[in-house]
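Written out below as structure tokens is the structure these notes cover.
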Amino acid sequence: MTPAMPGARRLPGQASRWDAPLALVYRGPASLPGCPEAAARLLKISRWGFDVRYVGPGEDVPLSAQTLAGASLYVQPGGDTLADAYRHLRRHRKDIRRFVRGGGRYLGICLGGYLAGATPGFGLLPGDTDQYIASRGATIASEDDTLVRVSWRGRERTLFFQDGPYFLARPGTGVTVLATYPNGTIAAMVAGFGAGRVAVVGPHPEAEEDWYADAKLDPGGALGADLGLDLVDEVFTP
């Protein structure tokens, strides 16, 4: 049985399955090779039956207000530096905020989590973001690819990590915290924004085996796809 979901939409002039919710994954200069593709593969194995499309300046589908109007979910994947990424994306800030406020869903992974914040960013969170490695009691001090321990819904897990954010939420804003770092800061959460919802995560639950192999890291067991799917479910469930 297909789960209940926010209204499925489609791109103007694009062939699409009418019964499939459209998910847009950013791919462009504000991302790094492999990050959009891993995020897209995660969405494709989810229970929601997404019609997944890439958007960006070099894609067939541009990132625009019109494109977002046909989507149910927008994904901002990992990338390089926040300042450089925001320089490329700042002109889309109003469109992304309008999309989520009107009932759309936003999923931000690592850099996409930073971009959900406000300094700089899209201002989608009831708070802001900062570097985990700069937080008091952080277990990691380097920007290099590494592993981080998190407590995800009370279960200890190890995830791929590359200078990801932690998240600050104002008291009483009703956020759902899914994961925390060892120092107690928020590693993954979901919050409301207008009629929409925003999910952010600092580590990379979508990381695949080749990510670990290239960085010469041992995942120590299961990869994080199940946690990534949990995050998708939490943000997309009506």
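Residue names in the structure tokens use chain letters A, B, ... in the order shown, residue numbers from 1 in each chain, and ligand numbers from 1 in the order shown.
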Could you give me, as an MDAnalysis selection string, each residue of stretch 9-230 of chain A that DSSP assigns to helix (DSSP H, G or I) when run on this structure's backbone?
-> chainID A and resid 35:44 65:69 82:101 111:115 132:134 209:214 225:230
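All residues of protein, DNA or RNA that reach within 7 Å of A:Gly117, judged by only C-alpha atoms and not counting those fewer than 5 positions away in the chain, are Phe122, Gly123, Leu124, Leu125, Asp128 and Thr129 of chain A.
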Preceding selection exported with N, CA and C atoms as a PDB file, in the first residue's frame:
ATOM      1  N   PHE A 122      19.390  30.032   4.344  1.00  0.00           N
ATOM      2  CA  PHE A 122      18.016  30.262   3.917  1.00  0.00           C
ATOM      3  C   PHE A 122      17.100  30.677   5.062  1.00  0.00           C
ATOM      4  N   GLY A 123      17.570  30.553   6.302  1.00  0.00           N
ATOM      5  CA  GLY A 123      16.757  30.953   7.448  1.00  0.00           C
ATOM      6  C   GLY A 123      15.521  30.094   7.627  1.00  0.00           C
ATOM      7  N   LEU A 124      15.690  28.777   7.544  1.00  0.00           N
ATOM      8  CA  LEU A 124      14.560  27.847   7.654  1.00  0.00           C
ATOM      9  C   LEU A 124      14.405  27.245   9.042  1.00  0.00           C
ATOM     10  N   LEU A 125      15.387  27.460   9.901  1.00  0.00           N
ATOM     11  CA  LEU A 125      15.395  26.809  11.205  1.00  0.00           C
ATOM     12  C   LEU A 125      14.970  27.761  12.319  1.00  0.00           C
ATOM     13  N   ASP A 128      19.902  28.290  14.562  1.00  0.00           N
ATOM     14  CA  ASP A 128      20.983  28.438  13.601  1.00  0.00           C
ATOM     15  C   ASP A 128      21.860  27.196  13.625  1.00  0.00           C
ATOM     16  N   THR A 129      23.014  27.287  12.968  1.00  0.00           N
ATOM     17  CA  THR A 129      23.956  26.179  12.887  1.00  0.00           C
ATOM     18  C   THR A 129      25.359  26.671  13.244  1.00  0.00           C
TER      19      THR A 129
END
Would you mind telling me which residue in A:Gln131, A:Val201, A:Thr158, A:Gly184 lies nearest to A:Gly221 when using only C-alpha atoms?
->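 Comparing A:Gln131, A:Val201, A:Thr158, A:Gly184 against A:Gly221, the winner is A:Thr158.
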Shell of 12 Å around A:Ala118, only C-alpha atoms, local chain residues under 6 positions omitted, as number ranges by chain = A: 82-83, 86, 90, 93, 97, 124-130, 167-168
9 Å contact set for A:Val235, only C-alpha atoms, chain neighbours under 6 positions out, as a PyMOL selection string | chain A and resi 105-107+190-191+196-199
Which residues are close to A:Ile140, i.e. within 10 Å by only C-alpha atoms, leaving aside same-chain residues fewer than 4 positions away? Reply as an mmCIF file with N, CA and C atoms, in the first residue's frame.
data_model
loop_
_atom_site.group_PDB
_atom_site.id
_atom_site.type_symbol
_atom_site.label_atom_id
_atom_site.label_comp_id
_atom_site.auth_asym_id
_atom_site.auth_seq_id
_atom_site.Cartn_x
_atom_site.Cartn_y
_atom_site.Cartn_z
ATOM 1 N N TYR A 132 30.414 21.587 14.254
ATOM 2 C CA TYR A 132 30.527 20.656 15.374
ATOM 3 C C TYR A 132 31.948 20.650 15.922
ATOM 4 N N ILE A 133 32.944 20.692 15.042
ATOM 5 C CA ILE A 133 34.323 20.589 15.516
ATOM 6 C C ILE A 133 34.724 21.782 16.387
ATOM 7 N N ALA A 134 33.965 22.885 16.292
ATOM 8 C CA ALA A 134 34.256 24.061 17.116
ATOM 9 C C ALA A 134 33.438 24.092 18.401
ATOM 10 N N SER A 135 32.562 23.115 18.596
ATOM 11 C CA SER A 135 31.709 23.110 19.781
ATOM 12 C C SER A 135 32.474 22.556 20.981
ATOM 13 N N ASP A 144 39.011 17.036 8.113
ATOM 14 C CA ASP A 144 39.219 15.896 7.223
ATOM 15 C C ASP A 144 38.060 14.902 7.313
ATOM 16 N N THR A 146 36.219 11.744 8.228
ATOM 17 C CA THR A 146 36.423 10.896 9.406
ATOM 18 C C THR A 146 35.113 10.226 9.780
ATOM 19 N N LEU A 147 35.074 9.610 10.938
ATOM 20 C CA LEU A 147 33.870 8.984 11.465
ATOM 21 C C LEU A 147 33.428 9.725 12.712
ATOM 22 N N VAL A 148 32.126 9.764 12.940
ATOM 23 C CA VAL A 148 31.604 10.382 14.151
ATOM 24 C C VAL A 148 30.567 9.451 14.776
ATOM 25 N N ARG A 149 30.598 9.399 16.093
ATOM 26 C CA ARG A 149 29.590 8.644 16.821
ATOM 27 C C ARG A 149 28.400 9.544 17.098
ATOM 28 N N PHE A 161 31.676 11.550 8.284
ATOM 29 C CA PHE A 161 31.588 12.943 8.734
ATOM 30 C C PHE A 161 32.690 13.766 8.089
ATOM 31 N N GLN A 162 32.323 14.977 7.635
ATOM 32 C CA GLN A 162 33.321 15.880 7.076
ATOM 33 C C GLN A 162 32.934 17.315 7.424
ATOM 34 N N ASP A 163 33.377 17.775 8.575
ATOM 35 C CA ASP A 163 33.145 19.144 9.043
ATOM 36 C C ASP A 163 31.669 19.534 8.988
#
Check stretch 66-143 of chain A with DSSP on the backbone and list each residue it calls strand (DSSP E or B), as a VMD selection string.
-> chain A and resid 73 to 76 105 to 109 127 to 131
Closest of A:Arg153, A:Ala38, A:Leu22, A:Thr81 to A:Asp51, counting only C-alpha atoms, is A:Leu22
Nearest to A:His204, restricted to only C-alpha atoms and choosing among A:Leu42, A:Pro171, A:Glu156, A:Gly121, comes out as A:Leu42
Nearest to A:Pro203, chosen from A:Gly112, A:Gly104, A:Gly164, A:Gly70, with only C-alpha atoms counted in the distances =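 Among the listed residues, A:Gly164 lies closest to A:Pro203.
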Which neighbours of A:Ser46 fall inside 8 Å, counting only C-alpha atoms, when residues of the same chain fewer than 3 positions from it are skipped, and could you give them as a PyMOL selection string?
-> chain A and resi 42-43+49-50+229+232
Contacts of A:Leu89 within 12 Å, only C-alpha atoms, excl. fewer than 6 positions in-chain, as a PyMOL selection string = chain A and resi 26-31+56-57+63-64+76+82-83+95-96+112+115-116+120-122
